[in-house]
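Asker: The following block contains the structure, expressed as structure tokens.
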Amino acid sequence: MMNALPPLHDGHAPFTLQQLFREALYAFEEWDSELTEPIVTYEGRVIPIGFVFEAMRECTDIVPMNIVGAVTERLTKPWEGEGPLDQMTFSTAARVMRVLVRKRLLANGTVDLVAASAHTAEDQNRD
């Protein structure tokens, strides 16, 4: 599923992937009582938001301030990064959001599709 998304280039995400991250963040914000993970669409494909956040884990691009606020307001502890908040990378934001998705799925008793996909890939590599 991850290969359905555009790749990073030397740590930089294409604009379409940055836009998809924003859409995934909005979908997370609206995730109320449903048990299943919210989705976004990319080129006609349905993508769970956890896959979008996972795809951005290594992105070194700086997050726009409106996204920084949307991420940090979900933290249970104050933000303590090495730099000022205006220097948060997509990597940091993606890791925070990935943890929040995982926590929500565990609380709902729902399968974490990103983790399940990673285990399947590991199993296939062993064969």
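Order determines the names: the first chain of the structure tokens is A, the second B, and so forth; residues in each chain are numbered 1 upward, and ligands are numbered 1 upward as they are shown.
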Going by DSSP on the backbone, which residues of chain A come out as strand (DSSP E)? List them as a list in words.
Answerer: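 Selection result, strand (DSSP E) within chain A: Ile39, Val40, Thr41, Tyr42, Arg45, Val46, Ile47 and Pro48 of chain A.
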Asker: Given only C-alpha atoms, how would the per-residue table for region 20-95 of chain A near region 101-105 of chain A read, listing every residue at most 12 Å away with its closest atom pair and distance in Å to one decimal, sorted by chain and number, as a tab-separated table?
Answerer:
residue	atom	partner	partner_atom	distance
A:Ala24	CA	A:Val101	CA	10.6
A:Leu25	CA	A:Val101	CA	10.3
A:Ala27	CA	A:Val101	CA	11.0
A:Phe28	CA	A:Val101	CA	7.8
A:Glu29	CA	A:Val101	CA	10.8
A:Trp31	CA	A:Arg104	CA	9.5
A:Asp32	CA	A:Arg104	CA	10.2
A:Ser33	CA	A:Arg104	CA	10.4
A:Glu34	CA	A:Leu105	CA	10.2
A:Leu35	CA	A:Leu105	CA	7.4
A:Thr36	CA	A:Leu105	CA	7.6
A:Glu37	CA	A:Leu105	CA	7.2
A:Pro38	CA	A:Val101	CA	9.5
A:Ile39	CA	A:Val101	CA	11.8
A:Pro48	CA	A:Val101	CA	10.2
A:Ile49	CA	A:Val101	CA	8.2
A:Gly50	CA	A:Val101	CA	6.5
A:Phe51	CA	A:Val101	CA	10.3
A:Val52	CA	A:Val101	CA	11.2
A:Phe53	CA	A:Val101	CA	9.2
A:Glu54	CA	A:Val101	CA	10.7
A:Arg74	CA	A:Val101	CA	11.4
A:Ala94	CA	A:Val101	CA	10.3
A:Arg95	CA	A:Val101	CA	9.9
Asker: When you count only C-alpha atoms, which of these residues is closest to Val46 (chain A): A:Met88, A:Leu20, A:Leu75, A:Ala107?
Answerer: A:Leu20
Asker: Between CA of Gln19 (chain A) and CA of Val96 (chain A), what is the distance in Å, rounded to a tenth?
Answerer: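 Going from CA of Gln19 (chain A) over to CA of Val96 (chain A), I get 17.5 Å.
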Asker: Between CA of Ile67 (chain A) and CA of Ala93 (chain A), what is the distance, to one decimal in Å?
Answerer: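 So the answer is 8.4 Å.
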Asker: Report the residues of region 13-91 of chain A whose backbone DSSP state falls under helix (DSSP H, G or I), written as a count of residues only.
Answerer: 35
Asker: CA of Pro6 (chain A) to CA of Leu106 (chain A): how many Å, to one decimal?
Answerer: 28.0 Å
